[in-house]
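Visitor: Just one file: my_file01.cif, with mmCIF, C-alpha atoms (C1' of nucleotides).
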```
data_run
#
loop_
_atom_site.label_atom_id
_atom_site.label_comp_id
_atom_site.auth_asym_id
_atom_site.auth_seq_id
_atom_site.Cartn_x
_atom_site.Cartn_y
_atom_site.Cartn_z
CA MET J 17 107.58 96.50 127.72
CA THR J 18 105.65 95.39 130.78
CA PRO J 19 101.98 95.60 129.92
CA ASP J 20 101.18 96.61 133.48
CA ASP J 21 102.03 100.27 133.09
CA PHE J 22 100.11 100.70 129.90
CA HIS J 23 97.93 103.78 130.28
CA LEU J 24 95.03 104.31 127.95
CA SER J 25 95.22 108.09 128.46
CA SER J 26 98.77 108.22 127.19
CA PHE J 27 98.13 105.93 124.24
CA LEU J 28 98.42 107.88 121.03
CA PRO J 29 95.47 106.35 119.15
CA TYR J 30 93.21 106.93 122.12
CA ARG J 31 94.33 110.51 122.58
CA LEU J 32 93.79 111.23 118.92
CA ALA J 33 90.32 109.75 119.06
CA VAL J 34 89.36 111.72 122.14
CA LEU J 35 90.50 115.07 120.79
CA SER J 36 89.09 114.44 117.36
CA GLU J 37 85.72 113.42 118.70
CA ARG J 38 85.60 116.38 121.02
CA VAL J 39 86.43 118.82 118.25
CA SER J 40 84.00 117.23 115.80
CA ARG J 41 81.27 117.30 118.38
CA ARG J 42 81.85 120.94 119.15
CA LEU J 43 81.70 121.71 115.48
CA SER J 44 78.55 119.73 114.87
CA VAL J 45 76.84 121.66 117.63
CA GLU J 46 77.34 124.65 115.38
CA TYR J 47 75.97 123.40 112.09
CA GLY J 48 73.58 121.01 113.78
CA ARG J 49 71.74 123.67 115.72
CA THR J 50 71.72 126.22 112.95
CA HIS J 51 70.96 124.03 109.95
CA GLY J 52 70.26 120.52 111.19
CA LEU J 53 73.30 119.10 109.48
CA ALA J 54 75.38 116.09 110.44
CA VAL J 55 79.03 115.63 109.68
CA ALA J 56 78.41 113.74 106.44
CA GLU J 57 76.16 116.47 105.06
CA TRP J 58 78.64 119.13 106.12
CA ARG J 59 81.48 117.44 104.29
CA VAL J 60 79.44 116.97 101.15
CA LEU J 61 78.34 120.59 101.08
CA VAL J 62 81.85 121.91 101.55
CA HIS J 63 83.18 119.64 98.86
CA LEU J 64 80.53 120.76 96.42
CA LEU J 65 81.40 124.38 97.02
CA ARG J 66 84.84 123.76 95.64
CA CYS J 67 84.20 121.15 93.01
CA GLY J 68 80.92 122.11 91.42
CA ALA J 69 78.95 119.26 89.89
CA VAL J 70 80.42 115.93 90.87
CA SER J 71 79.30 112.33 91.20
CA ILE J 72 78.70 110.33 94.35
CA ARG J 73 81.87 108.41 93.68
CA ASP J 74 83.84 111.63 93.39
CA ILE J 75 82.62 112.83 96.74
CA HIS J 76 83.35 109.44 98.25
CA ASN J 77 86.91 109.61 96.95
CA CYS J 78 87.50 113.03 98.42
CA VAL J 79 85.85 113.47 101.80
CA ASN J 80 86.51 110.16 103.56
CA LEU J 81 82.97 108.85 103.67
CA GLU J 82 81.77 105.44 102.55
CA LYS J 83 79.78 105.42 99.36
CA PRO J 84 76.39 104.56 100.88
CA ARG J 85 76.88 107.26 103.45
CA VAL J 86 77.48 109.82 100.74
CA SER J 87 74.44 108.61 98.85
CA ARG J 88 72.21 109.03 101.87
CA ALA J 89 73.70 112.35 102.85
CA VAL J 90 73.02 113.65 99.36
CA SER J 91 69.43 112.40 99.54
CA ARG J 92 68.87 114.25 102.79
CA LEU J 93 70.46 117.40 101.42
CA GLU J 94 68.32 117.15 98.32
CA ALA J 95 65.20 116.77 100.45
CA GLU J 96 66.14 119.96 102.26
CA GLY J 97 66.79 121.77 99.00
CA LEU J 98 70.45 122.45 99.61
CA VAL J 99 71.61 120.26 96.75
CA GLN J 100 70.26 119.16 93.40
CA LYS J 101 70.84 116.00 91.43
CA THR J 102 70.91 116.43 87.69
CA GLN J 103 71.08 113.36 85.54
CA GLY J 104 74.45 113.39 83.82
CA ASP J 105 74.14 113.97 80.10
CA GLY J 106 76.94 111.66 79.06
CA ASP J 107 77.22 108.64 81.32
CA GLY J 108 73.77 107.48 82.34
CA ARG J 109 75.04 106.01 85.56
CA LEU J 110 76.52 109.20 86.91
CA VAL J 111 74.52 111.66 88.92
CA ALA J 112 75.78 115.21 88.85
CA ILE J 113 75.34 116.76 92.28
CA SER J 114 75.62 120.48 92.77
CA LEU J 115 74.74 123.14 95.29
CA THR J 116 71.51 125.06 95.06
CA ASP J 117 71.34 128.71 95.96
CA ALA J 118 69.94 127.70 99.30
CA GLY J 119 72.92 125.42 99.77
CA ARG J 120 75.31 128.22 98.99
CA THR J 121 73.45 130.48 101.38
CA ALA J 122 73.66 127.89 104.12
CA LEU J 123 77.39 127.50 103.58
CA ALA J 124 77.89 131.25 103.62
CA ASP J 125 76.35 131.10 107.05
CA ILE J 126 78.14 128.04 108.41
CA ILE J 127 81.65 128.42 107.08
CA PRO J 128 82.45 131.58 109.02
CA ALA J 129 81.24 129.94 112.21
CA ALA J 130 83.27 126.83 111.50
CA THR J 131 86.33 128.90 110.69
CA ARG J 132 85.84 130.79 113.92
CA ILE J 133 85.90 127.56 115.92
CA GLU J 134 89.01 126.41 114.11
CA GLN J 135 90.58 129.78 114.80
CA HIS J 136 89.89 129.50 118.50
CA LEU J 137 91.71 126.19 118.54
CA THR J 138 94.72 127.32 116.53
CA ASP J 139 95.02 130.70 118.23
CA ALA J 140 95.93 128.89 121.41
CA VAL J 141 99.28 127.79 120.00
CA SER J 142 102.16 129.53 118.27
CA PRO J 143 102.38 129.33 114.48
CA GLU J 144 105.60 127.34 114.74
CA ASP J 145 104.04 124.81 117.06
CA LEU J 146 101.07 124.54 114.76
CA ASP J 147 103.37 123.90 111.83
CA THR J 148 105.09 121.19 113.80
CA PHE J 149 101.70 119.77 114.72
CA PHE J 150 100.66 119.40 111.11
CA HIS J 151 104.08 118.12 110.21
CA VAL J 152 103.76 115.35 112.77
CA MET J 153 100.32 114.48 111.50
CA GLU J 154 101.71 114.19 108.01
CA ARG J 155 104.51 111.92 109.20
CA MET J 156 102.04 109.61 110.85
CA HIS J 157 100.01 109.52 107.68
CA ALA J 158 103.18 108.63 105.81
CA VAL J 159 103.77 105.71 108.16
CA LEU J 160 100.27 104.47 107.46
CA ASP J 161 100.74 104.99 103.74
CA ALA J 162 103.57 102.47 103.91
CA ASP J 163 101.53 100.01 105.96
CA PRO J 164 99.63 97.49 103.83
CA GLU J 165 97.21 96.85 106.71
CA ALA J 166 96.14 100.50 106.82
CA LYS J 167 93.42 101.98 104.70
CA PRO J 168 94.87 104.16 101.94
CA ARG J 169 94.42 107.88 102.05
CA THR J 170 92.05 109.55 99.65
CA VAL J 171 93.65 111.20 96.67
CA MET J 172 92.60 114.59 97.89
CA ASP J 173 94.08 114.18 101.36
CA LEU J 174 97.28 112.95 99.79
CA ASN J 175 97.69 115.87 97.40
CA THR J 176 96.86 118.49 99.97
CA ASN J 177 99.09 117.38 102.77
CA ALA J 178 102.00 115.43 101.37
CA ASN J 179 104.30 118.31 100.57
CA ALA J 180 107.03 118.53 103.22
CA ILE J 181 108.60 115.09 103.33
CA PRO J 182 112.34 115.47 103.92
CA MET I 6 87.14 135.34 105.03
CA THR I 7 85.76 134.47 101.61
CA PRO I 8 84.05 131.11 101.95
CA ASP I 9 85.09 130.23 98.41
CA ASP I 10 88.60 129.15 99.27
CA PHE I 11 87.59 126.99 102.18
CA HIS I 12 89.27 123.63 101.75
CA LEU I 13 88.01 120.65 103.65
CA SER I 14 91.43 119.00 103.52
CA SER I 15 93.05 121.89 105.33
CA PHE I 16 90.29 122.20 107.92
CA LEU I 17 91.63 121.20 111.31
CA PRO I 18 88.60 119.23 112.57
CA TYR I 19 88.50 117.26 109.35
CA ARG I 20 92.20 116.50 109.40
CA LEU I 21 92.00 115.36 112.98
CA ALA I 22 89.08 113.10 112.17
CA VAL I 23 90.82 111.57 109.18
CA LEU I 24 94.04 110.80 110.98
CA SER I 25 92.30 109.56 114.09
CA GLU I 26 90.03 107.28 112.16
CA ARG I 27 92.89 105.92 110.12
CA VAL I 28 94.97 105.19 113.19
CA SER I 29 92.06 103.64 115.08
CA ARG I 30 91.22 101.49 112.13
CA ARG I 31 94.76 100.27 111.79
CA LEU I 32 94.79 99.41 115.46
CA SER I 33 91.47 97.62 115.38
CA VAL I 34 92.75 95.44 112.57
CA GLU I 35 95.20 94.21 115.14
CA TYR I 36 92.98 93.31 118.06
CA GLY I 37 90.05 92.60 115.81
CA ARG I 38 91.76 89.87 113.84
CA THR I 39 93.54 88.33 116.79
CA HIS I 40 90.81 88.51 119.41
CA GLY I 41 87.63 89.73 117.78
CA LEU I 42 87.59 92.89 119.82
CA ALA I 43 86.11 96.26 118.93
CA VAL I 44 87.34 99.57 120.21
CA ALA I 45 84.92 99.67 123.13
CA GLU I 46 86.00 96.25 124.37
CA TRP I 47 89.64 97.17 123.94
CA ARG I 48 89.26 100.30 126.05
CA VAL I 49 87.40 98.48 128.77
CA LEU I 50 89.99 95.75 128.97
CA VAL I 51 92.88 98.17 129.18
CA HIS I 52 91.16 100.19 131.83
CA LEU I 53 90.48 97.12 133.92
CA LEU I 54 94.13 96.14 133.78
CA ARG I 55 95.03 99.29 135.62
CA CYS I 56 92.07 99.79 137.89
CA GLY I 57 91.10 96.32 139.04
CA ALA I 58 87.46 95.90 139.99
CA VAL I 59 85.44 98.91 138.94
CA SER I 60 81.84 99.76 138.17
CA ILE I 61 80.28 100.49 134.80
CA ARG I 62 80.03 104.12 135.75
CA ASP I 63 83.71 104.22 136.62
CA ILE I 64 84.66 102.87 133.22
CA HIS I 65 82.29 105.30 131.58
CA ASN I 66 83.95 108.18 133.40
CA CYS I 67 87.42 107.14 132.34
CA VAL I 68 87.51 105.82 128.81
CA ASN I 69 85.23 108.18 126.90
CA LEU I 70 82.43 105.77 126.15
CA GLU I 71 78.74 106.29 126.75
CA LYS I 72 77.29 104.29 129.59
CA PRO I 73 75.14 101.94 127.50
CA ARG I 74 78.09 101.25 125.28
CA VAL I 75 80.20 100.27 128.26
CA SER I 76 77.42 98.07 129.55
CA ARG I 77 77.15 96.20 126.27
CA ALA I 78 80.90 95.95 125.81
CA VAL I 79 81.18 94.41 129.27
CA SER I 80 78.41 91.94 128.42
CA ARG I 81 80.23 90.82 125.32
CA LEU I 82 83.51 90.54 127.16
CA GLU I 83 81.81 88.53 129.86
CA ALA I 84 80.30 86.20 127.28
CA GLU I 85 83.80 85.61 125.90
CA GLY I 86 85.17 84.98 129.36
CA LEU I 87 87.61 87.87 129.39
CA VAL I 88 85.83 89.67 132.20
CA GLN I 89 83.74 88.79 135.21
CA LYS I 90 80.98 90.64 136.97
CA THR I 91 80.85 90.16 140.72
CA GLN I 92 77.95 91.61 142.63
CA GLY I 93 79.34 94.35 144.83
CA ASP I 94 79.12 93.52 148.53
CA GLY I 95 78.29 97.00 149.74
CA ASP I 96 76.15 98.94 147.29
CA GLY I 97 73.64 96.61 145.69
CA ARG I 98 73.46 98.72 142.55
CA LEU I 99 77.13 98.51 141.73
CA VAL I 100 78.62 95.74 139.68
CA ALA I 101 82.30 95.07 140.19
CA ILE I 102 83.92 94.24 136.88
CA SER I 103 87.34 92.68 136.75
CA LEU I 104 89.61 90.83 134.37
CA THR I 105 89.69 87.07 134.25
CA ASP I 106 92.91 85.19 133.66
CA ALA I 107 91.85 84.79 130.06
CA GLY I 108 91.39 88.54 129.87
CA ARG I 109 94.84 89.14 131.25
CA THR I 110 96.26 86.64 128.79
CA ALA I 111 94.53 88.37 125.91
CA LEU I 112 95.90 91.74 126.99
CA ALA I 113 99.39 90.33 127.36
CA ASP I 114 99.04 89.39 123.72
CA ILE I 115 97.46 92.56 122.39
CA ILE I 116 99.26 95.30 124.29
CA PRO I 117 102.69 94.61 122.80
CA ALA I 118 101.18 94.66 119.32
CA ALA I 119 99.35 97.88 120.06
CA THR I 120 102.48 99.44 121.50
CA ARG I 121 104.37 98.41 118.42
CA ILE I 122 101.92 100.22 116.18
CA GLU I 123 102.12 103.31 118.33
CA GLN I 124 105.91 103.07 118.20
CA HIS I 125 105.89 102.95 114.43
CA LEU I 126 103.91 106.16 114.37
CA THR I 127 106.00 108.03 116.92
CA ASP I 128 109.33 106.77 115.60
CA ALA I 129 108.70 108.74 112.45
CA VAL I 130 109.11 112.06 114.26
CA SER I 131 111.73 113.55 116.56
CA PRO I 132 111.07 113.48 120.32
CA GLU I 133 110.92 117.29 120.38
CA ASP I 134 108.34 117.39 117.62
CA LEU I 135 106.35 114.73 119.39
CA ASP I 136 106.42 116.78 122.57
CA THR I 137 105.19 119.78 120.66
CA PHE I 138 102.51 117.63 119.10
CA PHE I 139 101.12 116.59 122.46
CA HIS I 140 101.51 120.10 123.76
CA VAL I 141 99.35 121.41 120.94
CA MET I 142 96.77 118.74 121.58
CA GLU I 143 96.64 119.77 125.19
CA ARG I 144 96.20 123.42 124.28
CA MET I 145 93.28 122.57 122.04
CA HIS I 146 91.74 120.57 124.86
CA ALA I 147 92.19 123.58 127.09
CA VAL I 148 90.30 125.73 124.61
CA LEU I 149 87.45 123.26 124.64
CA ASP I 150 87.56 123.08 128.42
CA ALA I 151 86.75 126.78 128.47
CA ASP I 152 83.96 126.40 125.91
CA PRO I 153 80.53 125.79 127.48
CA GLU I 154 79.29 124.28 124.21
CA ALA I 155 81.94 121.57 124.26
CA LYS I 156 81.60 118.29 126.07
CA PRO I 157 83.76 118.23 129.21
CA ARG I 158 86.80 116.01 129.37
CA THR I 159 86.75 112.92 131.51
CA VAL I 160 88.49 113.23 134.84
CA MET I 161 91.11 110.76 133.77
CA ASP I 162 92.00 112.56 130.56
CA LEU I 163 92.21 115.79 132.50
CA ASN I 164 94.57 114.49 135.17
CA THR I 165 96.85 112.73 132.73
CA ASN I 166 97.37 115.50 130.23
CA ALA I 167 96.79 118.83 131.92
CA ASN I 168 100.24 119.39 133.34
CA ALA I 169 101.99 122.02 131.24
CA ILE I 170 99.67 124.99 131.19
CA PRO I 171 101.75 128.17 131.32
"C1'" DT G 8 78.79 92.73 67.16
"C1'" DC G 9 77.75 91.32 71.40
"C1'" DA G 10 78.58 88.63 75.46
"C1'" DA G 11 81.45 89.26 79.57
"C1'" DT G 12 83.18 92.37 82.74
"C1'" DA G 13 83.41 96.70 85.16
"C1'" DT G 14 81.47 100.76 87.16
"C1'" DC G 15 77.92 103.62 89.33
"C1'" DA G 16 74.34 104.70 92.65
"C1'" DT G 17 71.07 102.70 95.50
"C1'" DT G 18 69.12 99.47 98.55
"C1'" DT G 19 69.00 95.57 101.75
"C1'" DC G 20 70.22 93.77 106.00
"C1'" DA G 21 72.32 93.04 110.22
"C1'" DA G 22 74.84 95.32 113.70
"C1'" DT G 23 76.08 99.41 116.33
"C1'" DT G 24 74.96 103.63 118.49
"C1'" DG G 25 73.04 107.37 121.56
"C1'" DC G 26 69.25 109.13 123.99
"C1'" DA G 27 65.78 108.50 126.96
"C1'" DA G 28 63.17 105.65 129.94
"C1'" DC G 29 63.06 102.08 133.23
"C1'" DG G 30 63.34 99.16 137.55
"C1'" DA G 31 66.16 98.59 141.44
"C1'" DT G 32 68.80 100.39 145.08
"C1'" DT G 33 70.71 103.98 147.95
"C1'" DT G 34 71.02 108.50 149.91
"C1'" DT G 35 69.02 112.61 151.59
"C1'" DG G 36 66.25 115.77 154.31
"C1'" DG G 37 62.50 116.87 156.99
"C1'" DC P 11 61.75 107.00 160.12
"C1'" DC P 12 60.31 107.43 155.68
"C1'" DA P 13 59.01 109.76 151.49
"C1'" DA P 14 61.48 112.27 147.80
"C1'" DA P 15 65.42 112.61 145.10
"C1'" DA P 16 69.60 110.72 143.27
"C1'" DT P 17 72.38 107.01 141.37
"C1'" DC P 18 73.33 102.62 139.13
"C1'" DG P 19 73.08 99.33 135.36
"C1'" DT P 20 70.15 97.84 131.75
"C1'" DT P 21 66.94 97.97 128.03
"C1'" DG P 22 63.62 100.05 124.27
"C1'" DC P 23 63.72 102.40 120.43
"C1'" DA P 24 64.77 104.96 116.53
"C1'" DA P 25 68.49 106.40 113.71
"C1'" DT P 26 72.99 105.61 111.71
"C1'" DT P 27 76.36 102.71 109.84
"C1'" DG P 28 79.16 99.55 106.70
"C1'" DA P 29 79.52 95.43 103.94
"C1'" DA P 30 77.49 93.05 100.48
"C1'" DA P 31 73.94 92.58 97.05
"C1'" DT P 32 71.24 94.69 93.36
"C1'" DG P 33 69.80 96.89 89.13
"C1'" DA P 34 71.16 99.82 85.58
"C1'" DT P 35 74.42 101.50 82.42
"C1'" DA P 36 79.24 101.45 80.06
"C1'" DT P 37 83.25 99.48 78.57
"C1'" DT P 38 86.01 95.82 76.96
"C1'" DG P 39 87.62 92.17 74.15
"C1'" DA P 40 87.15 88.34 71.31
#
```
Could you render the structure from this file as structure tokens?
Guide:
Amino acid sequence: MTPDDFHLSSFLPYRLAVLSERVSRRLSVEYGRTHGLAVAEWRVLVHLLRCGAVSIRDIHNCVNLEKPRVSRAVSRLEAEGLVQKTQGDGDGRLVAISLTDAGRTALADIIPAATRIEQHLTDAVSPEDLDTFFHVMERMHAVLDADPEAKPRTVMDLNTNANAIP
Amino acid sequence: MTPDDFHLSSFLPYRLAVLSERVSRRLSVEYGRTHGLAVAEWRVLVHLLRCGAVSIRDIHNCVNLEKPRVSRAVSRLEAEGLVQKTQGDGDGRLVAISLTDAGRTALADIIPAATRIEQHLTDAVSPEDLDTFFHVMERMHAVLDADPEAKPRTVMDLNTNANAIP
DNA sequence: TCAATATCATTTCAATTGCAACGATTTTGG
DNA sequence: CCAAAATCGTTGCAATTGAAATGATATTGA
């Protein structure tokens, strides 16, 4: 408990941040150079591929980005023609955002590259170790879920990951 | 390989980012509320505790923060009296940064709280799984180390973690 | 029915950030 | 010895960011 031998490099939150930032940066080199995208745009595009026409709020609730950030990312994507906003027929407040053909084309180009990078990372460990890795991540999430001081998980992240909780 | 079933929530870089950000945020609630610190200040303080009087460049090379960010974090810490800059005797360019008593006091207050949060997270998994977890992290770092497009690791992160590389 | 409240997307604003440039100092190499 | 190159910390600047405010539309409840 002596604070003197407290190493930053062995501190879990720091180590997570370092690896995460390094991975994200490597990834953004990929879609940044090829299509001028930033991480927010990338997340929005990928989400749209799966969910079709959705509102800003929907995206915000799914991809872990603040609402203004989603709004601006969508504007940029629209300016580049990768996304289109169609005024929702029913609720006048909602904006239905969907991929354009150009957006789909861009994703068809980026996703394989992104998957390849992910593959490189996961190929370096055994499938069992990788399972354990994701299991540990899920346990940590569960700890935070029970912590009132922590930000709640998005619905999507909850549904996708919270399966193996013995 | 079909891009259609590409889920963001099962994409490793995304999952890392989400967990890392959630953990960091939970931690910063701690030292933010109690001492008004941000992550950059926190890292600088912790590094100083171990390394005594060091230069801006030294901090930059150890705690994964850009040089200007370190410079500004140090300025803020100095303004709050947690850190002091003493003009280096030898090299006139260097600035020796060290903790003040107030800085040490603040750390003595924050580090136990930070350790407690880390403990909560790690207590939720078995020691073997935690070992595997860090092992996997190290393997992913190793992949990035071999990737010319990835940003190199800091010397400190390298020395601390790169031990088990069969 | 219709005022009060809630929700949605955007915008405003202040603060943070990274990159590049800068002045100051030191080191290097001829 | 001294000019050129390198290094150090800081600052300028433009872009990004998040929290709160805003305007517009929907929903609620009396």
Visitor: To test your reading of the syntax: which residues would the PyMOL selection byres ((chain J) within 6 of (chain I)) return for the file shown? Reply as a list in words.
Guide: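 That expression, the PyMOL selection byres ((chain J) within 6 of (chain I)), corresponds here to Ser25, Pro29, Leu32, Ala33, Ser36, Ser40, Arg42, Leu137, Phe149, Met156, Ala166 and Asp173 of chain J.
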Visitor: What are the coordinates of chain I as a tab-separated table (two decimals) with C-alpha atoms, in the frame of the given file following a least-squares fit to chain J on all in-order C-alpha atoms?
Guide:
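Wrote it out as superposed_23.tsv, contents follow:
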```
chain	number	residue	atom	x	y	z
I	6	MET	CA	107.58	96.50	127.82
I	7	THR	CA	105.64	95.43	130.89
I	8	PRO	CA	101.97	95.63	129.99
I	9	ASP	CA	101.16	96.64	133.55
I	10	ASP	CA	102.03	100.29	133.15
I	11	PHE	CA	100.12	100.74	129.93
I	12	HIS	CA	97.95	103.81	130.31
I	13	LEU	CA	95.06	104.35	127.98
I	14	SER	CA	95.23	108.11	128.48
I	15	SER	CA	98.79	108.26	127.21
I	16	PHE	CA	98.14	105.95	124.27
I	17	LEU	CA	98.43	107.90	121.05
I	18	PRO	CA	95.48	106.36	119.16
I	19	TYR	CA	93.23	106.95	122.14
I	20	ARG	CA	94.34	110.54	122.59
I	21	LEU	CA	93.81	111.25	118.93
I	22	ALA	CA	90.34	109.75	119.08
I	23	VAL	CA	89.38	111.75	122.15
I	24	LEU	CA	90.52	115.07	120.80
I	25	SER	CA	89.10	114.46	117.36
I	26	GLU	CA	85.75	113.44	118.71
I	27	ARG	CA	85.61	116.40	121.03
I	28	VAL	CA	86.44	118.84	118.26
I	29	SER	CA	84.01	117.25	115.81
I	30	ARG	CA	81.29	117.31	118.39
I	31	ARG	CA	81.87	120.95	119.16
I	32	LEU	CA	81.70	121.73	115.48
I	33	SER	CA	78.56	119.72	114.88
I	34	VAL	CA	76.85	121.65	117.65
I	35	GLU	CA	77.34	124.61	115.38
I	36	TYR	CA	75.95	123.39	112.09
I	37	GLY	CA	73.60	121.00	113.79
I	38	ARG	CA	71.75	123.64	115.74
I	39	THR	CA	71.71	126.21	112.97
I	40	HIS	CA	70.97	123.99	109.99
I	41	GLY	CA	70.27	120.49	111.22
I	42	LEU	CA	73.30	119.08	109.49
I	43	ALA	CA	75.38	116.07	110.45
I	44	VAL	CA	79.02	115.62	109.67
I	45	ALA	CA	78.41	113.74	106.44
I	46	GLU	CA	76.15	116.46	105.08
I	47	TRP	CA	78.61	119.13	106.14
I	48	ARG	CA	81.47	117.45	104.29
I	49	VAL	CA	79.42	116.97	101.16
I	50	LEU	CA	78.32	120.58	101.11
I	51	VAL	CA	81.82	121.91	101.57
I	52	HIS	CA	83.16	119.67	98.88
I	53	LEU	CA	80.50	120.77	96.44
I	54	LEU	CA	81.37	124.40	97.05
I	55	ARG	CA	84.81	123.80	95.66
I	56	CYS	CA	84.18	121.19	93.02
I	57	GLY	CA	80.89	122.16	91.43
I	58	ALA	CA	78.94	119.30	89.90
I	59	VAL	CA	80.43	115.98	90.89
I	60	SER	CA	79.33	112.37	91.18
I	61	ILE	CA	78.70	110.36	94.32
I	62	ARG	CA	81.88	108.44	93.67
I	63	ASP	CA	83.85	111.66	93.39
I	64	ILE	CA	82.61	112.84	96.76
I	65	HIS	CA	83.33	109.45	98.23
I	66	ASN	CA	86.90	109.63	96.95
I	67	CYS	CA	87.48	113.06	98.43
I	68	VAL	CA	85.84	113.47	101.80
I	69	ASN	CA	86.51	110.16	103.55
I	70	LEU	CA	82.97	108.85	103.64
I	71	GLU	CA	81.76	105.45	102.53
I	72	LYS	CA	79.77	105.44	99.33
I	73	PRO	CA	76.39	104.54	100.85
I	74	ARG	CA	76.86	107.24	103.42
I	75	VAL	CA	77.47	109.81	100.72
I	76	SER	CA	74.44	108.60	98.83
I	77	ARG	CA	72.19	108.99	101.85
I	78	ALA	CA	73.69	112.32	102.85
I	79	VAL	CA	73.02	113.63	99.35
I	80	SER	CA	69.43	112.37	99.54
I	81	ARG	CA	68.85	114.22	102.77
I	82	LEU	CA	70.45	117.36	101.43
I	83	GLU	CA	68.31	117.12	98.33
I	84	ALA	CA	65.18	116.73	100.43
I	85	GLU	CA	66.12	119.93	102.27
I	86	GLY	CA	66.76	121.73	99.02
I	87	LEU	CA	70.43	122.43	99.62
I	88	VAL	CA	71.57	120.25	96.75
I	89	GLN	CA	70.28	119.15	93.39
I	90	LYS	CA	70.84	116.00	91.40
I	91	THR	CA	70.94	116.46	87.65
I	92	GLN	CA	71.11	113.41	85.45
I	93	GLY	CA	74.48	113.46	83.75
I	94	ASP	CA	74.23	114.01	80.00
I	95	GLY	CA	77.03	111.69	79.00
I	96	ASP	CA	77.32	108.67	81.25
I	97	GLY	CA	73.86	107.49	82.23
I	98	ARG	CA	75.12	106.02	85.49
I	99	LEU	CA	76.56	109.23	86.84
I	100	VAL	CA	74.55	111.70	88.83
I	101	ALA	CA	75.80	115.26	88.83
I	102	ILE	CA	75.34	116.77	92.26
I	103	SER	CA	75.60	120.49	92.78
I	104	LEU	CA	74.71	123.15	95.30
I	105	THR	CA	71.47	125.06	95.09
I	106	ASP	CA	71.28	128.72	95.99
I	107	ALA	CA	69.88	127.67	99.34
I	108	GLY	CA	72.88	125.42	99.79
I	109	ARG	CA	75.25	128.23	99.02
I	110	THR	CA	73.39	130.47	101.43
I	111	ALA	CA	73.62	127.86	104.15
I	112	LEU	CA	77.36	127.49	103.61
I	113	ALA	CA	77.85	131.24	103.65
I	114	ASP	CA	76.31	131.07	107.09
I	115	ILE	CA	78.10	128.03	108.45
I	116	ILE	CA	81.62	128.41	107.10
I	117	PRO	CA	82.43	131.59	109.03
I	118	ALA	CA	81.22	129.94	112.23
I	119	ALA	CA	83.25	126.84	111.51
I	120	THR	CA	86.31	128.91	110.71
I	121	ARG	CA	85.84	130.78	113.94
I	122	ILE	CA	85.90	127.57	115.93
I	123	GLU	CA	89.00	126.41	114.13
I	124	GLN	CA	90.58	129.80	114.81
I	125	HIS	CA	89.89	129.51	118.51
I	126	LEU	CA	91.72	126.21	118.56
I	127	THR	CA	94.72	127.33	116.54
I	128	ASP	CA	95.01	130.71	118.23
I	129	ALA	CA	95.93	128.92	121.41
I	130	VAL	CA	99.28	127.80	119.99
I	131	SER	CA	102.17	129.55	118.27
I	132	PRO	CA	102.38	129.35	114.46
I	133	GLU	CA	105.61	127.35	114.72
I	134	ASP	CA	104.05	124.82	117.05
I	135	LEU	CA	101.07	124.56	114.76
I	136	ASP	CA	103.37	123.90	111.83
I	137	THR	CA	105.09	121.19	113.79
I	138	PHE	CA	101.71	119.78	114.72
I	139	PHE	CA	100.67	119.39	111.11
I	140	HIS	CA	104.09	118.12	110.21
I	141	VAL	CA	103.77	115.35	112.77
I	142	MET	CA	100.32	114.49	111.50
I	143	GLU	CA	101.71	114.19	108.02
I	144	ARG	CA	104.52	111.94	109.18
I	145	MET	CA	102.05	109.62	110.86
I	146	HIS	CA	100.02	109.53	107.67
I	147	ALA	CA	103.18	108.64	105.82
I	148	VAL	CA	103.77	105.72	108.16
I	149	LEU	CA	100.28	104.47	107.47
I	150	ASP	CA	100.75	104.99	103.75
I	151	ALA	CA	103.58	102.47	103.92
I	152	ASP	CA	101.53	100.01	105.97
I	153	PRO	CA	99.61	97.48	103.85
I	154	GLU	CA	97.21	96.86	106.74
I	155	ALA	CA	96.13	100.49	106.85
I	156	LYS	CA	93.41	101.97	104.72
I	157	PRO	CA	94.87	104.15	101.96
I	158	ARG	CA	94.41	107.89	102.06
I	159	THR	CA	92.04	109.56	99.67
I	160	VAL	CA	93.65	111.21	96.69
I	161	MET	CA	92.59	114.60	97.92
I	162	ASP	CA	94.08	114.20	101.38
I	163	LEU	CA	97.28	112.97	99.79
I	164	ASN	CA	97.68	115.89	97.41
I	165	THR	CA	96.87	118.51	100.00
I	166	ASN	CA	99.13	117.38	102.79
I	167	ALA	CA	102.00	115.39	101.34
I	168	ASN	CA	104.34	118.23	100.52
I	169	ALA	CA	107.13	118.26	103.09
I	170	ILE	CA	108.59	114.79	103.06
I	171	PRO	CA	112.36	115.04	103.53
```
Visitor: Could you tell me how far atom C1' of P:DT35 lies from atom CA of J:Arg109, in Å and to one decimal?
Guide: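 Between atom C1' of P:DT35 and atom CA of J:Arg109 the gap works out to 5.5 Å.
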Visitor: Residues of chain G near chain I: apply a cut-off of 9 Å, count all atoms listed in the file, and supply the list as a list in words.
Guide: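 Listing them in order of chain and number gives DT24, DG25, DA31, DT32 and DT33 of chain G.
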Visitor: Just to confirm, what's the straight-line distance from atom CA of I:Thr105 to atom C1' of G:DG30 in Å (one decimal)?
Guide: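 That distance, rounded to one decimal, is 29.2 Å.
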Visitor: Given the file shown, determine the residues that the PyMOL selection byres ((chain P and resi 23) around 10) selects; report them as a PyMOL selection string.
Guide: (chain G and resi 26-27) or (chain P and resi 21-22+24-25)
Visitor: Between P:DA31, P:DA36, P:DA16, P:DC11, which is the closest to chain J once you count only C-alpha atoms (C1' of nucleotides)?
Guide: P:DA36
